[in-house]
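Coordinates as given in target-v1.txt (compact mmCIF, C-alpha atoms):
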```
# COMPACT_ATOMS: atom_id res chain seq x y z
CA MET A 1 10.08 23.46 -10.01
CA VAL A 2 10.52 24.02 -13.73
CA TYR A 3 9.95 21.00 -15.97
CA PRO A 4 10.76 20.47 -19.64
CA PHE A 5 8.20 20.85 -22.36
CA LYS A 6 5.41 18.38 -21.72
CA ARG A 7 5.66 16.50 -25.04
CA HIS A 8 9.42 16.00 -25.13
CA ALA A 9 9.16 12.23 -25.64
CA CYS A 10 6.01 11.85 -27.66
CA ARG A 11 7.70 9.67 -30.28
CA GLU A 12 8.10 6.80 -27.81
CA ASP A 13 5.15 4.83 -29.17
CA GLU A 14 6.32 4.96 -32.78
CA GLU A 15 10.09 4.90 -32.73
CA GLU A 16 10.71 1.16 -32.79
CA GLY A 17 12.22 0.27 -36.16
CA HIS A 18 12.21 -3.04 -38.00
CA LEU A 19 15.35 -4.95 -38.89
CA SER A 20 16.56 -5.08 -42.47
CA SER A 21 19.73 -6.09 -44.21
CA SER A 22 20.89 -2.47 -44.11
CA THR A 23 20.75 -2.40 -40.31
CA PHE A 24 24.15 -3.90 -39.77
CA GLY A 25 27.29 -1.80 -40.05
CA LEU A 26 30.59 -3.51 -40.78
CA PHE A 27 34.17 -3.36 -39.64
CA HIS A 28 37.10 -1.71 -41.34
CA SER A 29 40.68 -2.37 -40.26
CA SER A 30 41.55 -0.21 -37.26
CA PRO A 31 43.12 -0.47 -33.77
CA LEU A 32 39.58 -0.08 -32.31
CA PRO A 33 36.22 -1.33 -33.55
CA ILE A 34 34.95 0.82 -36.39
CA PHE A 35 31.31 0.95 -37.41
CA SER A 36 30.04 1.59 -40.89
CA ASN A 37 26.87 2.09 -42.86
CA GLU A 38 28.38 0.43 -45.93
CA ARG A 39 28.28 -3.15 -47.10
CA MET A 40 31.50 -5.12 -47.06
CA ARG A 41 33.53 -4.71 -50.25
CA PRO A 42 35.05 -7.79 -51.96
CA SER A 43 38.65 -8.51 -51.05
CA SER A 44 41.40 -7.57 -53.48
CA THR A 45 42.73 -10.39 -55.61
CA ARG A 46 46.24 -11.67 -54.99
CA LYS A 47 47.65 -10.08 -58.12
CA ASP A 48 46.52 -6.67 -56.82
CA THR A 49 48.33 -6.99 -53.48
CA PRO A 50 51.80 -5.43 -53.39
CA TRP A 51 52.95 -7.89 -50.74
CA SER A 52 52.28 -11.06 -52.80
CA VAL A 53 55.31 -13.32 -53.36
CA ASN A 54 56.19 -16.37 -55.43
CA LEU A 55 56.01 -19.13 -52.81
CA GLY A 56 57.52 -21.59 -55.29
CA ALA A 57 60.82 -19.73 -55.01
CA VAL A 58 60.97 -20.10 -51.18
CA PRO A 59 62.99 -23.09 -49.80
CA PRO A 60 60.60 -25.67 -48.28
CA LEU A 61 62.24 -25.64 -44.84
CA LEU A 62 62.14 -21.86 -44.61
CA LEU A 63 58.51 -21.84 -45.79
CA PHE A 64 57.60 -24.43 -43.14
CA LEU A 65 59.23 -22.39 -40.37
CA VAL A 66 57.52 -19.15 -41.45
CA LEU A 67 54.08 -20.74 -41.73
CA SER A 68 54.47 -22.52 -38.38
CA THR A 69 55.36 -19.25 -36.68
CA ILE A 70 52.41 -17.44 -38.23
CA ILE A 71 49.95 -20.18 -37.22
CA SER A 72 51.32 -20.30 -33.67
CA LEU A 73 51.02 -16.55 -33.25
CA PHE A 74 47.51 -16.57 -34.68
CA ILE A 75 46.33 -19.27 -32.24
CA LEU A 76 48.00 -17.53 -29.31
CA TYR A 77 46.74 -14.01 -29.93
CA SER A 78 43.56 -14.29 -31.97
CA PRO A 79 40.52 -12.78 -30.20
CA ASN A 80 37.31 -14.56 -29.39
CA PRO A 81 35.30 -14.16 -32.61
CA ASN A 82 32.15 -13.54 -30.60
CA ARG A 83 33.66 -10.51 -28.89
CA LEU A 84 34.80 -8.17 -31.60
CA HIS A 85 36.72 -5.65 -29.52
CA LEU A 86 40.34 -5.35 -28.50
CA ASP A 87 41.31 -5.12 -24.87
CA LEU A 88 43.70 -2.19 -24.91
CA ASP A 89 43.44 -1.42 -21.23
CA PRO A 90 46.89 -0.21 -20.16
CA ASN A 91 46.21 -1.36 -16.60
CA PRO A 92 48.51 -4.37 -16.02
CA ASN A 93 45.97 -5.69 -13.52
CA PRO A 94 42.87 -6.29 -15.65
CA ARG A 95 39.47 -5.56 -14.21
CA PRO A 96 37.52 -8.62 -13.05
CA HIS A 97 34.70 -9.65 -15.35
CA HIS A 98 32.17 -10.31 -12.61
CA LEU A 99 31.72 -10.36 -8.88
CA GLY A 100 30.05 -12.86 -6.63
CA LYS A 101 27.68 -11.59 -3.98
CA ASP A 102 30.27 -11.82 -1.22
CA GLU A 103 32.75 -9.74 -3.22
CA ALA A 104 30.40 -6.79 -3.68
CA HIS A 105 31.06 -3.77 -1.47
CA GLU A 106 27.96 -3.44 0.66
CA ASP A 107 28.60 0.28 1.22
CA CYS A 108 29.24 1.12 -2.44
CA ASP A 109 26.73 3.41 -4.12
CA LEU A 110 27.25 2.81 -7.83
CA SER A 111 25.53 6.09 -8.73
CA GLU A 112 28.28 8.13 -7.06
CA GLY A 113 31.26 8.37 -9.36
CA ARG A 114 32.57 9.77 -12.62
CA TRP A 115 33.12 8.85 -16.26
CA VAL A 116 36.75 8.00 -17.00
CA PRO A 117 38.52 7.31 -20.33
CA ASP A 118 38.44 3.66 -21.36
CA THR A 119 40.45 2.38 -24.33
CA ARG A 120 38.91 -1.12 -24.43
CA GLY A 121 36.21 -0.11 -26.86
CA PRO A 122 32.57 -1.26 -26.72
CA PRO A 123 31.66 -4.85 -25.78
CA TYR A 124 29.85 -5.31 -29.12
CA THR A 125 29.37 -3.53 -32.43
CA ASN A 126 26.61 -3.16 -34.97
CA TRP A 127 28.27 -6.05 -36.76
CA SER A 128 28.57 -8.49 -33.85
CA CYS A 129 25.06 -7.72 -32.56
CA ARG A 130 22.43 -8.43 -35.19
CA THR A 131 19.42 -7.35 -33.10
CA ILE A 132 20.08 -3.60 -32.90
CA PRO A 133 16.97 -1.81 -34.17
CA GLU A 134 17.55 0.75 -36.90
CA SER A 135 16.45 3.64 -34.69
CA LYS A 136 19.32 2.89 -32.23
CA ASP A 137 21.96 2.06 -34.85
CA CYS A 138 23.44 5.55 -34.91
CA PHE A 139 26.38 4.60 -37.11
CA MET A 140 24.16 3.17 -39.79
CA HIS A 141 22.41 6.54 -39.93
CA GLY A 142 25.68 8.42 -40.40
CA ARG A 143 27.08 9.27 -36.98
CA ARG A 144 30.84 9.71 -37.41
CA ASP A 145 32.29 10.48 -33.99
CA ARG A 146 33.41 7.48 -31.90
CA ASP A 147 34.87 9.02 -28.74
CA PHE A 148 31.56 8.70 -26.88
CA LEU A 149 32.19 4.92 -26.80
CA ASN A 150 35.49 5.28 -24.96
CA TRP A 151 34.26 6.14 -21.47
CA TRP A 152 33.65 3.94 -18.45
CA TRP A 153 31.67 4.65 -15.28
CA LYS A 154 33.96 4.56 -12.21
CA PRO A 155 32.14 4.49 -8.84
CA ASP A 156 33.89 6.39 -6.08
CA LYS A 157 34.09 3.52 -3.58
CA CYS A 158 34.44 0.37 -5.65
CA GLU A 159 35.26 -1.10 -9.03
CA LEU A 160 32.35 -1.74 -11.40
CA PRO A 161 33.11 -4.79 -13.53
CA ARG A 162 31.95 -5.03 -17.11
CA LEU A 163 29.15 -7.53 -17.55
CA ASP A 164 30.36 -11.03 -18.34
CA PRO A 165 27.67 -12.53 -20.60
CA LYS A 166 28.65 -16.10 -19.77
CA ALA A 167 28.39 -15.50 -16.02
CA PHE A 168 25.12 -13.59 -16.44
CA LEU A 169 23.52 -16.39 -18.47
CA GLU A 170 24.62 -18.96 -15.91
CA MET A 171 23.12 -16.84 -13.13
CA VAL A 172 19.72 -16.70 -14.87
CA ARG A 173 19.70 -20.23 -16.26
CA GLY A 174 16.16 -21.59 -16.41
CA LYS A 175 14.64 -18.22 -15.51
CA THR A 176 12.50 -15.51 -17.11
CA MET A 177 13.33 -11.81 -16.98
CA ALA A 178 10.93 -9.09 -18.12
CA PHE A 179 11.56 -5.41 -18.78
CA ILE A 180 8.35 -3.51 -18.07
CA GLY A 181 7.90 0.13 -19.05
CA ASP A 182 8.10 2.56 -21.95
CA SER A 183 10.42 2.53 -24.96
CA VAL A 184 13.44 3.41 -22.82
CA ALA A 185 12.83 0.12 -20.99
CA ARG A 186 12.84 -1.47 -24.45
CA ASN A 187 16.15 0.33 -25.14
CA HIS A 188 17.65 -1.23 -21.99
CA MET A 189 16.46 -4.70 -22.98
CA GLU A 190 17.96 -4.26 -26.45
CA SER A 191 21.30 -3.34 -24.90
CA LEU A 192 21.28 -6.40 -22.64
CA LEU A 193 20.26 -8.55 -25.60
CA CYS A 194 23.34 -7.38 -27.52
CA LEU A 195 25.63 -8.02 -24.57
CA LEU A 196 24.33 -11.55 -24.00
CA SER A 197 24.35 -12.38 -27.71
CA GLN A 198 28.15 -12.27 -27.60
CA GLU A 199 27.91 -15.56 -25.69
CA GLU A 200 24.82 -17.16 -27.25
CA THR A 201 22.66 -16.21 -30.21
CA PRO A 202 19.09 -15.67 -28.97
CA LEU A 203 15.98 -16.90 -30.74
CA ASP A 204 13.24 -14.38 -31.54
CA VAL A 205 10.19 -16.37 -30.43
CA TYR A 206 7.40 -13.80 -30.14
CA LYS A 207 6.45 -10.35 -31.41
CA ASP A 208 3.00 -8.80 -31.23
CA SER A 209 1.44 -6.97 -34.18
CA GLU A 210 2.73 -3.57 -32.96
CA ASP A 211 6.16 -4.84 -31.89
CA ARG A 212 5.61 -3.63 -28.33
CA PHE A 213 5.71 -7.03 -26.66
CA ARG A 214 8.72 -9.15 -27.56
CA THR A 215 10.21 -12.42 -26.32
CA TRP A 216 13.70 -13.83 -26.90
CA LEU A 217 14.94 -17.26 -25.84
CA PHE A 218 18.52 -18.26 -25.02
CA SER A 219 17.86 -21.94 -25.55
CA GLU A 220 21.24 -23.25 -24.36
CA HIS A 221 20.58 -21.64 -20.97
CA ASP A 222 16.78 -21.96 -20.98
CA PHE A 223 16.63 -18.22 -20.29
CA THR A 224 13.72 -16.12 -21.52
CA LEU A 225 14.07 -12.35 -21.99
CA LYS A 226 10.91 -10.31 -22.52
CA VAL A 227 9.83 -6.71 -22.91
CA LEU A 228 6.30 -5.54 -22.04
CA TRP A 229 5.39 -2.04 -23.13
CA SER A 230 3.47 0.15 -20.69
CA LYS A 231 3.32 3.94 -20.85
CA PHE A 232 2.45 4.61 -17.22
CA LEU A 233 2.59 1.16 -15.52
CA VAL A 234 -0.97 1.92 -14.39
CA ALA A 235 -4.09 2.11 -16.54
CA GLY A 236 -4.09 5.15 -18.78
CA GLU A 237 -5.49 6.01 -22.18
CA GLU A 238 -5.49 8.97 -24.51
CA THR A 239 -8.90 10.58 -24.89
CA THR A 240 -10.53 11.18 -28.24
CA ILE A 241 -12.62 14.06 -29.54
CA ASN A 242 -14.87 13.23 -32.49
CA GLY A 243 -12.80 10.14 -33.14
CA THR A 244 -9.47 12.01 -33.12
CA LEU A 245 -6.80 11.54 -30.48
CA SER A 246 -6.65 14.65 -28.31
CA GLY A 247 -3.17 14.49 -26.79
CA THR A 248 -4.76 14.44 -23.33
CA PHE A 249 -4.69 11.33 -21.15
CA GLU A 250 -6.82 9.90 -18.37
CA LEU A 251 -4.69 8.17 -15.77
CA ARG A 252 -6.22 5.62 -13.38
CA VAL A 253 -3.73 5.45 -10.55
CA ASP A 254 -5.74 2.91 -8.57
CA ARG A 255 -5.32 0.17 -11.22
CA VAL A 256 -2.19 -1.39 -12.68
CA ASP A 257 -1.90 -1.97 -16.40
CA GLU A 258 -3.19 -5.52 -16.77
CA LYS A 259 -1.11 -6.16 -19.88
CA TRP A 260 1.95 -6.60 -17.69
CA ALA A 261 0.28 -7.42 -14.37
CA SER A 262 -1.37 -10.51 -15.83
CA GLU A 263 2.05 -11.82 -16.92
CA LEU A 264 3.84 -11.07 -13.64
CA PRO A 265 3.36 -14.53 -12.05
CA ARG A 266 5.50 -16.05 -14.82
CA PHE A 267 8.56 -13.94 -14.07
CA ASP A 268 11.61 -14.56 -11.90
CA TYR A 269 12.94 -11.04 -12.50
CA ALA A 270 10.98 -7.88 -13.28
CA VAL A 271 12.86 -4.70 -14.29
CA ILE A 272 10.46 -1.79 -13.79
CA SER A 273 10.81 1.75 -15.16
CA SER A 274 8.71 4.70 -16.25
CA GLY A 275 8.75 8.46 -16.45
CA HIS A 276 8.77 10.11 -19.87
CA TRP A 277 5.05 9.74 -20.56
CA PHE A 278 4.15 11.80 -17.49
CA PHE A 279 5.12 15.02 -19.28
CA ARG A 280 1.70 15.29 -20.94
CA LYS A 281 -1.59 16.84 -20.09
CA MET A 282 -3.47 14.26 -18.05
CA TYR A 283 -6.41 13.99 -15.71
CA VAL A 284 -5.61 11.79 -12.73
CA TYR A 285 -8.32 9.56 -11.25
CA ASP A 286 -8.18 7.52 -8.06
CA GLY A 287 -11.20 5.27 -8.27
CA PRO A 288 -14.20 7.19 -9.57
CA GLY A 289 -12.90 10.55 -8.32
CA LEU A 290 -10.76 13.09 -10.20
CA VAL A 291 -7.89 13.95 -7.86
CA GLY A 292 -5.77 16.23 -10.02
CA CYS A 293 -4.54 17.29 -13.43
CA VAL A 294 -1.07 17.67 -14.94
CA TYR A 295 -0.44 20.66 -17.24
CA CYS A 296 -3.92 22.12 -17.00
CA SER A 297 -5.58 25.01 -15.21
CA ASP A 298 -9.15 23.80 -14.96
CA PRO A 299 -11.16 25.49 -12.21
CA ASN A 300 -11.75 23.43 -9.07
CA VAL A 301 -9.20 20.78 -10.15
CA THR A 302 -6.01 20.32 -8.15
CA SER A 303 -2.92 21.07 -10.22
CA PHE A 304 -0.37 18.22 -10.17
CA GLY A 305 3.24 18.28 -11.19
CA PRO A 306 4.40 15.32 -13.29
CA GLU A 307 6.25 13.87 -10.29
CA GLN A 308 3.00 13.71 -8.27
CA ALA A 309 1.29 11.62 -10.93
CA LEU A 310 4.42 9.47 -11.22
CA ARG A 311 4.43 8.89 -7.46
CA LEU A 312 0.87 7.60 -7.44
CA ALA A 313 1.55 5.33 -10.42
CA MET A 314 4.72 3.89 -8.87
CA ARG A 315 2.97 3.38 -5.52
CA THR A 316 0.23 1.34 -7.14
CA SER A 317 2.64 -0.66 -9.31
CA PHE A 318 5.10 -1.57 -6.57
CA GLY A 319 2.24 -2.25 -4.16
CA HIS A 320 0.75 -4.70 -6.62
CA ILE A 321 4.06 -6.53 -6.94
CA ALA A 322 4.56 -6.70 -3.18
CA ARG A 323 1.04 -8.12 -2.64
CA CYS A 324 0.97 -10.40 -5.70
CA GLU A 325 -0.50 -13.67 -4.45
CA GLY A 326 0.20 -15.70 -7.58
CA CYS A 327 3.76 -14.50 -8.09
CA LYS A 328 6.81 -16.63 -7.44
CA PRO A 329 8.04 -16.34 -3.85
CA GLY A 330 11.57 -15.55 -5.05
CA LEU A 331 10.55 -12.81 -7.50
CA VAL A 332 13.27 -10.15 -7.77
CA THR A 333 11.96 -6.70 -8.76
CA VAL A 334 14.49 -4.12 -9.93
CA LEU A 335 13.69 -0.44 -10.31
CA ARG A 336 15.67 1.23 -13.08
CA THR A 337 15.57 4.90 -12.17
CA PHE A 338 14.65 7.77 -14.47
CA SER A 339 16.81 8.22 -17.56
CA PRO A 340 17.23 11.90 -18.48
CA ALA A 341 16.69 13.42 -21.91
CA HIS A 342 19.16 16.05 -23.18
CA PHE A 343 17.40 18.39 -25.59
CA GLU A 344 19.20 21.71 -26.01
CA ASN A 345 17.93 24.88 -27.70
CA GLY A 346 14.38 23.57 -27.88
CA GLU A 347 12.35 20.38 -27.55
CA TRP A 348 11.98 17.51 -30.00
CA ASN A 349 9.45 19.40 -32.13
CA THR A 350 10.89 22.91 -31.76
CA GLY A 351 14.41 22.35 -33.04
CA GLY A 352 15.94 20.79 -29.93
CA THR A 353 19.18 18.89 -30.52
CA CYS A 354 21.80 16.85 -28.67
CA ASN A 355 25.03 17.18 -30.62
CA ARG A 356 27.64 16.81 -27.90
CA THR A 357 30.43 14.27 -28.44
CA GLY A 358 31.64 13.63 -24.88
CA PRO A 359 30.52 13.55 -21.23
CA ARG A 360 29.95 16.75 -19.31
CA GLU A 361 30.82 17.57 -15.74
CA PRO A 362 27.86 17.76 -13.36
CA GLY A 363 27.05 21.29 -12.22
CA PRO A 364 25.26 22.32 -9.02
CA GLU A 365 22.03 22.91 -10.94
CA SER A 366 22.26 20.04 -13.43
CA GLY A 367 19.67 17.31 -13.27
CA VAL A 368 17.62 18.83 -10.42
CA TRP A 369 14.16 17.76 -11.59
CA GLN A 370 15.53 14.47 -12.95
CA ARG A 371 16.83 13.67 -9.47
CA GLN A 372 13.45 14.54 -8.04
CA PHE A 373 11.89 11.99 -10.38
CA ARG A 374 14.51 9.47 -9.29
CA ASP A 375 13.89 10.16 -5.60
CA THR A 376 10.15 9.72 -6.08
CA GLN A 377 10.66 6.32 -7.68
CA VAL A 378 13.07 5.08 -5.01
CA GLU A 379 10.83 6.28 -2.17
CA GLU A 380 7.86 4.36 -3.54
CA MET A 381 9.92 1.24 -4.07
CA ASN A 382 11.15 1.43 -0.47
CA ARG A 383 7.58 1.89 0.71
CA ALA A 384 6.58 -1.36 -1.03
CA ARG A 385 9.64 -3.18 0.26
CA ALA A 386 8.74 -2.19 3.82
CA THR A 387 5.31 -3.82 3.47
CA LEU A 388 6.97 -7.22 2.95
CA GLY A 389 7.91 -7.26 6.61
CA GLY A 390 10.68 -9.77 6.01
CA ARG A 391 8.20 -12.41 4.85
CA GLY A 392 9.23 -14.75 2.05
CA ARG A 393 12.13 -14.39 -0.36
CA ARG A 394 10.69 -11.66 -2.58
CA ARG A 395 13.23 -8.87 -3.05
CA PHE A 396 13.54 -5.35 -4.44
CA GLY A 397 16.64 -3.68 -5.85
CA VAL A 398 17.63 -0.48 -7.67
CA VAL A 399 19.62 0.16 -10.84
CA ASP A 400 20.30 3.83 -10.12
CA VAL A 401 21.32 5.39 -13.44
CA THR A 402 19.90 8.92 -13.17
CA VAL A 403 23.00 10.80 -12.03
CA PRO A 404 25.49 8.96 -14.28
CA MET A 405 23.30 9.44 -17.34
CA THR A 406 22.72 13.11 -16.60
CA MET A 407 26.38 13.50 -17.55
CA ARG A 408 26.03 11.78 -20.95
CA PRO A 409 24.28 14.09 -23.42
CA ASP A 410 26.58 12.60 -26.07
CA GLY A 411 24.99 9.14 -25.95
CA HIS A 412 21.69 9.82 -27.74
CA PRO A 413 20.99 9.20 -31.42
CA GLY A 414 20.27 12.88 -31.96
CA GLU A 415 19.72 13.40 -35.68
CA PHE A 416 21.09 9.93 -36.47
CA TRP A 417 18.03 7.79 -35.86
CA SER A 418 15.64 7.87 -38.81
CA LYS A 419 15.80 8.60 -42.51
CA TRP A 420 12.12 9.54 -42.42
CA MET A 421 12.27 12.12 -39.60
CA LYS A 422 14.88 14.58 -40.84
CA GLY A 423 14.97 17.73 -38.77
CA TYR A 424 13.90 15.98 -35.56
CA SER A 425 16.39 14.75 -32.97
CA ASP A 426 16.01 11.81 -30.60
CA CYS A 427 17.55 12.95 -27.32
CA VAL A 428 15.56 10.49 -25.17
CA HIS A 429 16.78 7.07 -26.28
CA TRP A 430 20.38 5.86 -26.47
CA CYS A 431 22.69 4.66 -29.23
CA LEU A 432 23.66 0.98 -29.34
CA PRO A 433 26.41 0.46 -28.46
CA GLY A 434 26.73 3.41 -26.12
CA PRO A 435 26.59 4.64 -22.52
CA ILE A 436 23.35 2.69 -21.91
CA ASP A 437 25.38 -0.53 -21.87
CA VAL A 438 26.57 0.32 -18.37
CA TRP A 439 22.99 -0.17 -17.14
CA SER A 440 23.41 -3.91 -17.52
CA ASP A 441 26.64 -3.78 -15.51
CA PHE A 442 24.60 -2.09 -12.77
CA LEU A 443 21.91 -4.75 -13.22
CA MET A 444 24.28 -7.68 -12.77
CA TRP A 445 25.80 -6.06 -9.68
CA THR A 446 22.31 -5.53 -8.24
CA LEU A 447 21.21 -9.11 -8.93
CA ARG A 448 24.37 -10.45 -7.31
CA ARG A 449 23.70 -8.43 -4.18
CA SER A 450 20.07 -9.56 -4.08
CA GLY A 451 21.14 -13.18 -4.12
CA GLY A 452 21.37 -13.71 -7.86
CA ARG A 453 19.03 -16.55 -8.69
CA GLY A 454 15.34 -16.48 -7.92
CA HIS A 455 13.66 -19.57 -6.49
```
As a first step, turn the structure in this file into structure tokens.
Amino acid sequence: MVYPFKRHACREDEEEGHLSSSTFGLFHSSPLPIFSNERMRPSSTRKDTPWSVNLGAVPPLLLFLVLSTIISLFILYSPNPNRLHLDLDPNPNPRPHHLGKDEAHEDCDLSEGRWVPDTRGPPYTNWSCRTIPESKDCFMHGRRDRDFLNWWWKPDKCELPRLDPKAFLEMVRGKTMAFIGDSVARNHMESLLCLLSQEETPLDVYKDSEDRFRTWLFSEHDFTLKVLWSKFLVAGEETTINGTLSGTFELRVDRVDEKWASELPRFDYAVISSGHWFFRKMYVYDGPGLVGCVYCSDPNVTSFGPEQALRLAMRTSFGHIARCEGCKPGLVTVLRTFSPAHFENGEWNTGGTCNRTGPREPGPESGVWQRQFRDTQVEEMNRARATLGGRGRRRFGVVDVTVPMTMRPDGHPGEFWSKWMKGYSDCVHWCLPGPIDVWSDFLMWTLRRSGGRGH
């Protein structure tokens, strides 16, 4: 098995930007939402507009009729100001916004399908969502193409509805949801935050000094949304040599990362993911013993592939969740499967780019090792689920995005992510808005099938 360069995602611990007034792009008049990196210009004065007329010369009755017609049409056809996109779907039978549990197709595998053209536009913009971090606001950084926003994932055996933020917030009313994992987990949370903010503006209630642990509150629904940053899910630290970080890690696969494990009893939903940090040189320990090493050729040390280290980390993490004594009996744990990177012609630090502007068709050899990562994750989740033995209401589910996202090399920021890192492309994370927004559609479907509300 051939794997990508071992440091292809090494920016994950430093890529999170901070919001500023320049973060938010603005609309220009267009049939579809347009994003901009410019501030809004002042409107033209009346005397500059060629369509201005002398209203004093218009008969009062005629003026009344014209104004009444305009107001009536405005009330009838004006869009919801919180959802700044136009529904241009030519389908006379509009897609449903959400499904109840009983409406979901039990035999439908959402990961089997294709990307199809979609003229509705994105569910939010970098104007209507004020929480997009600068590193994901691709339009603010100069991206010009828009076609990558006009695709929708169509499963082969069912219809995937677009997330309805109102229905989602009602489903999780009074609950706490945590995204646990690396910066791609953070990316997913940021996408969901934008989607839900079209219904209610969230309150930013906590941020740690490194902006790796974040909490948002939707006060009208008493819903708490959190992100907890963990490179490996298990204990793991970079070693130092003479006080300098070495680039080599020691992974303790027998112990979960306490920074998230200690918070787990407070959650009703836990969305778990990991993967990109395993492409580094690391020594793997199980208890006191060294059991293997990734990307090394030390004598008398078993050579591990990244997926072997990932398997042990996922086994420990899911096992901890399944056995958690202090956790809520109705805890719903969702695995979000591995999200592929799309570097071409090199890696992040050797000139690799991702400049495509549309989806690509899957080939027989595309995404082979990514699917192996995905299979490893799902197998370990199923192992933990089997240990429950039907006891209690604790449940596991899967948001299986690996295959769909393998087809979307166009959805990454690429060169449009940082004004300070010119010459380096981000082909790991995803633009907001962008293809990553479908992950939350998968998530709502999965929560509906698992029973929706925790207890």
Best match for closeness to Arg311 of chain A among A:Gln198, A:Ser274, A:Thr350, A:Thr376, counting all atoms listed in the file: A:Thr376
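Between Leu160 of chain A and the residues A:Gly113, A:Gly397, A:Gly121, A:Gly174, the shortest atom-to-atom distance, using all atoms listed in the file, involves A:Gly113.
With all atoms listed in the file as the atoms that count, the residue of A:Val253, A:Val172, A:Val184, A:Ala261 with the shortest distance to Trp430 of chain A is A:Val184.
The closest residue to Pro362 of chain A, picked from A:Asn349, A:Arg114, A:Glu325, A:Glu380 and counting all atoms listed in the file, is A:Arg114.
Atom pair atom CA of Phe232 of chain A / atom CA of Trp420 of chain A: separated by 27.4 Å.
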Spatial neighbours of His141 of chain A, max dist 8 Å, all atoms listed in the file, sep filter under 5 positions, as a ChimeraX atom specification: /A:37,416-419
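Atom CA of Trp229 of chain A sits 19.4 Å away from atom CA of Thr248 of chain A.
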Expected answer as a ChimeraX atom specification: all residues with atoms within 10 Å of (37.0, 4.3, -6.7), only C-alpha atoms: /A:108,110,112-114,154-160
Please provide the set of residues having any atom within 12 Å of Asn187 of chain A, restricted to all atoms listed in the file, with same-chain residues fewer than 6 positions apart removed, written as a JSON list (two decimals) with C-alpha atoms, in the frame of the given file.
```json
[["chain", "number", "residue", "atom", "x", "y", "z"],
["A", 12, "GLU", "CA", 8.10, 6.80, -27.81],
["A", 15, "GLU", "CA", 10.09, 4.90, -32.73],
["A", 16, "GLU", "CA", 10.71, 1.16, -32.79],
["A", 17, "GLY", "CA", 12.22, 0.27, -36.16],
["A", 131, "THR", "CA", 19.42, -7.35, -33.10],
["A", 132, "ILE", "CA", 20.08, -3.60, -32.90],
["A", 133, "PRO", "CA", 16.97, -1.81, -34.17],
["A", 134, "GLU", "CA", 17.55, 0.75, -36.90],
["A", 135, "SER", "CA", 16.45, 3.64, -34.69],
["A", 136, "LYS", "CA", 19.32, 2.89, -32.23],
["A", 137, "ASP", "CA", 21.96, 2.06, -34.85],
["A", 179, "PHE", "CA", 11.56, -5.41, -18.78],
["A", 180, "ILE", "CA", 8.35, -3.51, -18.07],
["A", 181, "GLY", "CA", 7.90, 0.13, -19.05],
["A", 193, "LEU", "CA", 20.26, -8.55, -25.60],
["A", 194, "CYS", "CA", 23.34, -7.38, -27.52],
["A", 212, "ARG", "CA", 5.61, -3.63, -28.33],
["A", 227, "VAL", "CA", 9.83, -6.71, -22.91],
["A", 228, "LEU", "CA", 6.30, -5.54, -22.04],
["A", 229, "TRP", "CA", 5.39, -2.04, -23.13],
["A", 273, "SER", "CA", 10.81, 1.75, -15.16],
["A", 339, "SER", "CA", 16.81, 8.22, -17.56],
["A", 412, "HIS", "CA", 21.69, 9.82, -27.74],
["A", 413, "PRO", "CA", 20.99, 9.20, -31.42],
["A", 428, "VAL", "CA", 15.56, 10.49, -25.17],
["A", 429, "HIS", "CA", 16.78, 7.07, -26.28],
["A", 430, "TRP", "CA", 20.38, 5.86, -26.47],
["A", 431, "CYS", "CA", 22.69, 4.66, -29.23],
["A", 432, "LEU", "CA", 23.66, 0.98, -29.34],
["A", 433, "PRO", "CA", 26.41, 0.46, -28.46],
["A", 434, "GLY", "CA", 26.73, 3.41, -26.12],
["A", 435, "PRO", "CA", 26.59, 4.64, -22.52],
["A", 436, "ILE", "CA", 23.35, 2.69, -21.91],
["A", 437, "ASP", "CA", 25.38, -0.53, -21.87],
["A", 439, "TRP", "CA", 22.99, -0.17, -17.14],
["A", 440, "SER", "CA", 23.41, -3.91, -17.52]]
```
Kindly add N, CA and C atoms to the incomplete segment 334-340 of chain A and provide the output as a short mmCIF file (atom, residue, chain, number, x, y, z; two decimals), in the coordinates of the input.
```cif
data_model
loop_
_atom_site.label_atom_id
_atom_site.label_comp_id
_atom_site.auth_asym_id
_atom_site.auth_seq_id
_atom_site.Cartn_x
_atom_site.Cartn_y
_atom_site.Cartn_z
N VAL A 334 13.42 -5.13 -9.84
CA VAL A 334 14.49 -4.12 -9.93
C VAL A 334 13.90 -2.84 -10.51
N LEU A 335 14.04 -1.76 -9.79
CA LEU A 335 13.69 -0.44 -10.31
C LEU A 335 14.88 0.12 -11.08
N ARG A 336 14.67 0.46 -12.35
CA ARG A 336 15.67 1.23 -13.08
C ARG A 336 15.22 2.68 -13.04
N THR A 337 16.01 3.54 -12.42
CA THR A 337 15.57 4.90 -12.17
C THR A 337 15.51 5.72 -13.46
N PHE A 338 14.96 6.91 -13.33
CA PHE A 338 14.65 7.77 -14.47
C PHE A 338 15.89 8.07 -15.30
N SER A 339 15.74 7.94 -16.61
CA SER A 339 16.81 8.22 -17.56
C SER A 339 16.57 9.58 -18.19
N PRO A 340 17.48 10.54 -18.01
CA PRO A 340 17.23 11.90 -18.48
C PRO A 340 17.33 12.05 -19.98
#
```
